[in-house]
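Colleague: Next up, data02.txt (compact mmCIF, C-alpha atoms).
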# COMPACT_ATOMS: atom_id res chain seq x y z
CA MET A 1 77.24 57.12 116.93
CA THR A 2 75.26 59.76 118.78
CA GLY A 3 74.09 62.11 116.04
CA ARG A 4 72.45 61.46 112.69
CA ILE A 5 72.45 63.36 109.41
CA GLN A 6 70.24 62.79 106.38
CA PHE A 7 72.15 63.10 103.12
CA TRP A 8 69.77 63.89 100.24
CA PHE A 9 71.52 63.44 96.92
CA GLU A 10 70.70 63.35 93.20
CA PHE A 11 72.95 61.31 90.94
CA ALA A 12 73.06 64.06 88.29
CA SER A 13 74.30 66.56 90.88
CA THR A 14 77.96 67.50 90.54
CA TYR A 15 78.30 68.80 94.08
CA SER A 16 76.63 65.68 95.47
CA TYR A 17 79.61 63.78 94.03
CA LEU A 18 81.92 65.82 96.20
CA SER A 19 79.86 65.17 99.32
CA ALA A 20 79.28 61.49 98.67
CA MET A 21 83.00 60.83 98.48
CA ARG A 22 83.73 62.33 101.91
CA ILE A 23 80.59 62.42 104.04
CA GLU A 24 81.06 59.14 105.88
CA ASP A 25 84.63 59.88 106.98
CA ALA A 26 83.72 63.44 107.95
CA ALA A 27 80.65 62.31 109.91
CA ALA A 28 82.46 59.45 111.65
CA ARG A 29 85.05 61.87 113.05
CA HIS A 30 82.22 63.49 115.03
CA GLY A 31 80.28 60.34 115.92
CA VAL A 32 77.51 61.09 113.41
CA ALA A 33 75.71 58.40 111.40
CA VAL A 34 74.75 59.05 107.78
CA ASP A 35 71.29 58.27 106.43
CA TRP A 36 71.61 58.14 102.61
CA GLN A 37 68.51 59.49 100.83
CA PRO A 38 68.39 59.31 97.02
CA PHE A 39 65.82 61.49 95.26
CA LEU A 40 65.07 63.09 91.90
CA LEU A 41 65.41 66.81 91.33
CA GLY A 42 63.37 66.73 88.11
CA PRO A 43 59.96 67.15 89.79
CA ILE A 44 61.32 69.90 92.05
CA PHE A 45 62.80 71.79 89.11
CA ALA A 46 59.59 71.31 87.12
CA ALA A 47 57.61 72.90 89.95
CA GLN A 48 59.83 75.97 89.53
CA GLY A 49 59.20 76.03 85.78
CA TRP A 50 62.57 74.56 84.81
CA ASN A 51 62.86 71.74 82.28
CA ASN A 52 66.63 71.37 82.66
CA SER A 53 69.47 71.84 85.11
CA PRO A 54 69.91 75.47 86.18
CA PHE A 55 73.55 75.03 85.14
CA ASN A 56 72.30 74.57 81.56
CA ILE A 57 69.55 77.18 81.78
CA TYR A 58 71.98 79.84 82.99
CA PRO A 59 75.20 79.42 80.94
CA ALA A 60 77.36 81.70 83.10
CA LYS A 61 76.39 79.69 86.17
CA GLY A 62 77.21 76.49 84.30
CA ARG A 63 80.64 77.72 83.22
CA TYR A 64 81.42 78.69 86.79
CA MET A 65 80.26 75.33 88.15
CA TRP A 66 82.44 73.29 85.79
CA ARG A 67 85.51 75.34 86.66
CA ASP A 68 84.66 75.15 90.35
CA MET A 69 84.38 71.37 90.11
CA GLU A 70 87.79 71.20 88.45
CA ARG A 71 89.34 73.24 91.25
CA LEU A 72 87.63 71.33 94.07
CA CYS A 73 88.35 67.89 92.63
CA ASP A 74 91.96 68.85 92.10
CA ALA A 75 92.24 70.08 95.70
CA ARG A 76 90.66 66.88 97.01
CA ASP A 77 92.59 64.56 94.71
CA LEU A 78 89.37 63.32 93.09
CA PRO A 79 89.24 62.40 89.39
CA PHE A 80 86.89 64.57 87.36
CA VAL A 81 85.57 64.08 83.84
CA ARG A 82 82.65 66.14 82.62
CA PRO A 83 79.90 63.71 81.61
CA ASP A 84 78.22 64.16 78.25
CA PRO A 85 75.32 64.68 78.14
CA PHE A 86 74.71 66.62 81.32
CA PRO A 87 72.66 66.09 83.33
CA GLN A 88 72.75 62.32 83.20
CA ASN A 89 69.60 60.24 83.62
CA GLY A 90 69.92 58.86 87.14
CA LEU A 91 66.48 57.25 87.44
CA MET A 92 67.63 53.61 87.42
CA ALA A 93 70.65 54.42 89.57
CA ALA A 94 68.36 55.99 92.17
CA ARG A 95 66.10 52.93 92.18
CA LEU A 96 69.13 50.68 92.55
CA ALA A 97 70.35 52.84 95.43
CA LEU A 98 67.14 52.07 97.31
CA VAL A 99 67.70 48.35 96.77
CA ALA A 100 71.31 48.71 97.89
CA LYS A 101 70.08 50.52 101.01
CA GLN A 102 67.97 47.49 101.92
CA GLN A 103 71.14 45.40 101.66
CA GLY A 104 73.19 47.77 103.80
CA ARG A 105 75.46 48.68 100.86
CA ILE A 106 74.09 52.03 99.71
CA ALA A 107 77.22 54.04 100.53
CA GLN A 108 79.41 51.70 98.50
CA PHE A 109 77.02 51.70 95.53
CA VAL A 110 76.50 55.47 95.53
CA ARG A 111 80.23 56.14 95.60
CA ALA A 112 80.76 53.66 92.76
CA VAL A 113 78.13 55.42 90.62
CA TYR A 114 79.52 58.88 91.29
CA ALA A 115 83.09 57.74 90.63
CA THR A 116 81.98 56.20 87.35
CA GLN A 117 79.98 59.22 86.23
CA PHE A 118 82.17 62.12 87.33
CA GLY A 119 85.47 60.30 87.70
CA ARG A 120 85.35 58.47 84.36
CA GLY A 121 82.64 60.30 82.41
CA LEU A 122 80.56 57.18 81.74
CA ALA A 123 76.79 57.14 81.22
CA ILE A 124 75.00 56.02 84.38
CA SER A 125 71.84 55.26 82.41
CA ASP A 126 73.72 52.36 80.75
CA ALA A 127 72.71 49.02 82.24
CA GLN A 128 76.21 47.54 81.89
CA VAL A 129 77.79 50.53 83.60
CA LEU A 130 75.35 50.20 86.49
CA ALA A 131 76.02 46.45 86.68
CA GLU A 132 79.73 47.20 87.11
CA CYS A 133 78.95 49.71 89.88
CA TRP A 134 76.69 47.12 91.51
CA ASN A 135 79.44 44.56 91.43
CA ASP A 136 82.02 47.06 92.72
CA ALA A 137 79.72 47.67 95.70
CA GLY A 138 79.78 43.96 96.55
CA LEU A 139 76.12 43.35 95.74
CA GLU A 140 74.67 40.17 94.27
CA ALA A 141 73.83 40.48 90.59
CA GLU A 142 70.35 38.95 90.85
CA LEU A 143 69.26 41.70 93.26
CA MET A 144 69.47 44.28 90.46
CA GLN A 145 66.10 43.12 89.15
CA ASP A 146 64.48 44.45 92.33
CA ALA A 147 65.03 47.98 91.01
CA SER A 148 62.26 47.39 88.46
CA ALA A 149 59.78 46.09 91.03
CA PRO A 150 56.62 48.20 91.49
CA GLU A 151 57.41 48.72 95.17
CA THR A 152 60.86 50.12 94.39
CA LYS A 153 59.40 52.51 91.82
CA ALA A 154 56.81 53.59 94.39
CA ASP A 155 59.49 54.04 97.03
CA LEU A 156 61.47 56.39 94.77
CA ARG A 157 58.35 58.42 93.98
CA ALA A 158 57.72 58.67 97.72
CA GLN A 159 61.33 59.82 98.26
CA SER A 160 60.92 62.66 95.79
CA GLU A 161 57.54 63.64 97.25
CA ASN A 162 59.08 63.67 100.72
CA ALA A 163 61.91 65.86 99.44
CA GLN A 164 59.33 68.36 98.23
CA ARG A 165 57.54 68.28 101.60
CA LEU A 166 60.87 69.00 103.27
CA ASP A 167 61.29 72.06 101.02
CA LEU A 168 64.43 70.70 99.39
CA PHE A 169 65.33 72.71 96.30
CA GLY A 170 68.72 71.30 95.34
CA ALA A 171 71.36 68.70 96.03
CA PRO A 172 73.23 67.89 98.07
CA SER A 173 70.99 68.73 100.99
CA PHE A 174 71.57 67.70 104.58
CA ILE A 175 69.05 67.53 107.39
CA ALA A 176 70.23 67.44 110.99
CA GLY A 177 67.42 67.57 113.50
CA ASP A 178 65.06 70.24 112.18
CA GLU A 179 67.74 72.15 110.30
CA LEU A 180 68.29 72.09 106.53
CA PHE A 181 71.73 72.72 105.04
CA TRP A 182 72.29 72.97 101.29
CA GLY A 183 75.47 72.50 99.31
CA ASP A 184 78.73 70.62 99.68
CA ASP A 185 80.23 73.66 101.38
CA ARG A 186 77.71 73.28 104.22
CA LEU A 187 78.53 69.64 104.95
CA GLU A 188 80.80 70.32 107.93
CA GLN A 189 78.30 72.75 109.44
CA ALA A 190 75.54 70.17 109.10
CA ILE A 191 77.68 67.48 110.72
CA MET A 192 78.62 69.74 113.62
CA HIS A 193 74.95 70.53 114.17
CA ALA A 194 74.05 66.83 114.08
CA ALA A 195 76.77 66.12 116.63
CA SER A 196 75.43 68.79 118.97
CA ILE A 197 71.84 67.55 119.24
Using the file provided, produce a representation of the structure as C-alpha cells.
Modeller:
Amino acid sequence: MTGRIQFWFEFASTYSYLSAMRIEDAAARHGVAVDWQPFLLGPIFAAQGWNNSPFNIYPAKGRYMWRDMERLCDARDLPFVRPDPFPQNGLMAARLALVAKQQGRIAQFVRAVYATQFGRGLAISDAQVLAECWNDAGLEAELMQDASAPETKADLRAQSENAQRLDLFGAPSFIAGDELFWGDDRLEQAIMHAASI
C-alpha cells in the first residue's frame, strides 16, 4: 500500500453505512490503506445549535435521504431497513470500535454493526446486539469490557475533539493528505487523491 486515507464515520450516519461496506475494496484497487476513525457527531451538531440529526430537523431533507438510501442500497445490492428510532445511539458501538481497532479487527466490527443497524433495523445500543456484532467480527467476548474502561472513554472523547479540530461537519468524511472530502459520493475522489500523493 502506498497511499493512506482516513475514514471518519459515525454509526448513526446512513451514508457512512454505504462507505463502510465498500471502502476497503475500493481503496485496495488503488493501493490505498484505510485508517478507520470512529467519532461522534453529537458535539459537532451541538456546536451548530442542532439537538438532532439534520435529517430530522429538516423533514424534506430527511424524506429525500431515506429515498436516496433505498435507491443506492438497491443499486449496490445492500439490504436496507430504516432503523427506529433514528438516529440510533452509537456511543457504545464507537467505544467498541476503538477496542476492535487495537485488535486489528475494526473493519470487520464496523461492517457488522452497520449491517445490523441498516441491513436488519436492529438497535445498536442493545448490548446483546453489539455482542453478536462483536462475535461476528471474530473478537473475543471478554474484550468487550474494555469499552467501558476510562481510557477507552477518553480516547473516544479525544477522537471527537480531533474531528472538530479537523473541521469535520458530517459523516462520512475522508482525509487524504491535507484534503478533506465529505460524503459517500466523494469516496472515489478521496481514494484517487490518496493514491496520487
Colleague: Using all atoms listed in the file, pick whichever of A:Glu188, A:Lys101, A:Trp182, A:Gly62 has the shortest atom-to-atom distance to Gly170 (chain A).
Modeller: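 Closest residue, counting all atoms listed in the file: A:Trp182.
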Colleague: Select, from A:Arg76, A:Arg29, A:Lys153, A:Arg186, the residue with the minimum atom-to-atom distance to Ala97 (chain A), counting all atoms listed in the file.
Modeller: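 Counting all atoms listed in the file, the residue closest to Ala97 (chain A) is A:Lys153.
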Colleague: May I have the residues within 8 Å of Ala190 (chain A) as JSON, numbers by chain, using only C-alpha atoms and disregarding those fewer than 5 positions away in the same chain?
Modeller: {"A": [5, 174, 175, 176, 180, 181]}
Colleague: Could the residues in this selection be written to a file with C-alpha atoms, as an mmCIF file, keeping the file's coordinate frame?
Modeller:
data_model
loop_
_atom_site.group_PDB
_atom_site.id
_atom_site.type_symbol
_atom_site.label_atom_id
_atom_site.label_comp_id
_atom_site.auth_asym_id
_atom_site.auth_seq_id
_atom_site.Cartn_x
_atom_site.Cartn_y
_atom_site.Cartn_z
ATOM 1 C CA ILE A 5 72.450 63.360 109.410
ATOM 2 C CA PHE A 174 71.570 67.700 104.580
ATOM 3 C CA ILE A 175 69.050 67.530 107.390
ATOM 4 C CA ALA A 176 70.230 67.440 110.990
ATOM 5 C CA LEU A 180 68.290 72.090 106.530
ATOM 6 C CA PHE A 181 71.730 72.720 105.040
#
Colleague: Tell me, in Å to one decimal, how far CA of Pro172 (chain A) is from CA of Leu18 (chain A).
Modeller: 9.1 Å
Colleague: Mind pulling up the distance from CA of Leu156 (chain A) to CA of Ala12 (chain A)?
Modeller: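 The value is 15.3 Å.
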Colleague: State, in Å with one decimal place, the distance from CA of Ser19 (chain A) to CA of Glu151 (chain A).
Modeller: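 Distance reported for this atom pair: 28.1 Å.
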Colleague: Would you mind telling me which residue in A:Asp178, A:Arg63, A:Gln37, A:Ile106 lies nearest to His193 (chain A) when using all atoms listed in the file?
Modeller: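 Among the listed residues, the smallest separation from His193 (chain A) belongs to A:Asp178.
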Colleague: I need the residue nearest Asn51 (chain A) from this list: A:Asp136, A:Pro87, A:Thr2, A:Glu142. Use all atoms listed in the file for the distance.
Modeller: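 Ranking A:Asp136, A:Pro87, A:Thr2, A:Glu142 by distance to Asn51 (chain A), first place goes to A:Pro87.
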Colleague: Which residue, A:Arg82, A:Ser148, A:Leu122, A:Val113, has the smallest gap to Trp134 (chain A) when you use all atoms listed in the file?
Modeller: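 Answer, going by the shortest atom-to-atom distance: A:Val113.
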Colleague: Which residue, A:Pro54, A:Gly183, A:Gly177, A:Pro43, has the smallest gap to Ala195 (chain A) when you use only C-alpha atoms?
Modeller: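 Closest candidate: A:Gly177.
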Colleague: Residues within 7 Å of (72.3, 60.5, 91.0), file coordinates, counting only C-alpha atoms: what are they? Give the list as a list in words.
Modeller: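 Within 7 Å of (72.3, 60.5, 91.0), the protein and nucleic acid residues are Phe9, Glu10, Phe11, Ala12, Ser13, Gly90, Ala93 and Ala94 of chain A.
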Colleague: With only C-alpha atoms counted and 9 Å as the cut-off, give the residues of region 117-197 of chain A in contact with region 32-36 of chain A, each with its shortest interatomic distance in Å and the pair that gives it, as CSV.
Modeller:
residue,atom,partner,partner_atom,distance
A:Ile191,CA,A:Val32,CA,6.9
A:Met192,CA,A:Val32,CA,8.7
A:Ala194,CA,A:Val32,CA,6.7
A:Ala195,CA,A:Val32,CA,6.0
Colleague: Using all atoms listed in the file, can you list as JSON, numbers by chain the residues within 10 Å of (60.4, 69.6, 104.6)?
Modeller: {"A": [161, 162, 163, 164, 165, 166, 167, 168, 175, 178, 179, 180]}
Colleague: Give me, as a PyMOL selection string, all polymer residues having an atom no more than 10 Å from Asp126 (chain A), counting all atoms listed in the file and skipping those fewer than 2 positions away in the same chain.
Modeller: chain A and resi 89-90+92-93+122-124+128-131
Colleague: Using only C-alpha atoms, what does the table of region 69-118 of chain A residues within 12 Å of region 22-26 of chain A look like, with each row giving the shortest atom pair and its distance in Å to one decimal, sorted by chain and ascending number, as JSON lines?
Modeller:
{"residue": "A:Cys73", "atom": "CA", "partner": "A:Arg22", "partner_atom": "CA", "distance": 11.8}
{"residue": "A:Arg76", "atom": "CA", "partner": "A:Arg22", "partner_atom": "CA", "distance": 9.6}
{"residue": "A:Asp77", "atom": "CA", "partner": "A:Arg22", "partner_atom": "CA", "distance": 11.6}
{"residue": "A:Leu78", "atom": "CA", "partner": "A:Arg22", "partner_atom": "CA", "distance": 10.5}
{"residue": "A:Ile106", "atom": "CA", "partner": "A:Glu24", "partner_atom": "CA", "distance": 11.7}
{"residue": "A:Ala107", "atom": "CA", "partner": "A:Glu24", "partner_atom": "CA", "distance": 8.3}
{"residue": "A:Gln108", "atom": "CA", "partner": "A:Glu24", "partner_atom": "CA", "distance": 10.6}
{"residue": "A:Val110", "atom": "CA", "partner": "A:Ile23", "partner_atom": "CA", "distance": 11.7}
{"residue": "A:Arg111", "atom": "CA", "partner": "A:Arg22", "partner_atom": "CA", "distance": 9.5}
{"residue": "A:Tyr114", "atom": "CA", "partner": "A:Arg22", "partner_atom": "CA", "distance": 11.9}
Colleague: Once you have the residues from the selection above, write them out as a PDB file, in the frame of the given file, restricted to C-alpha atoms.
Modeller:
ATOM      1  CA  CYS A  73      88.350  67.890  92.630  1.00  0.00           C
ATOM      2  CA  ARG A  76      90.660  66.880  97.010  1.00  0.00           C
ATOM      3  CA  ASP A  77      92.590  64.560  94.710  1.00  0.00           C
ATOM      4  CA  LEU A  78      89.370  63.320  93.090  1.00  0.00           C
ATOM      5  CA  ILE A 106      74.090  52.030  99.710  1.00  0.00           C
ATOM      6  CA  ALA A 107      77.220  54.040 100.530  1.00  0.00           C
ATOM      7  CA  GLN A 108      79.410  51.700  98.500  1.00  0.00           C
ATOM      8  CA  VAL A 110      76.500  55.470  95.530  1.00  0.00           C
ATOM      9  CA  ARG A 111      80.230  56.140  95.600  1.00  0.00           C
ATOM     10  CA  TYR A 114      79.520  58.880  91.290  1.00  0.00           C
TER      11      TYR A 114
END
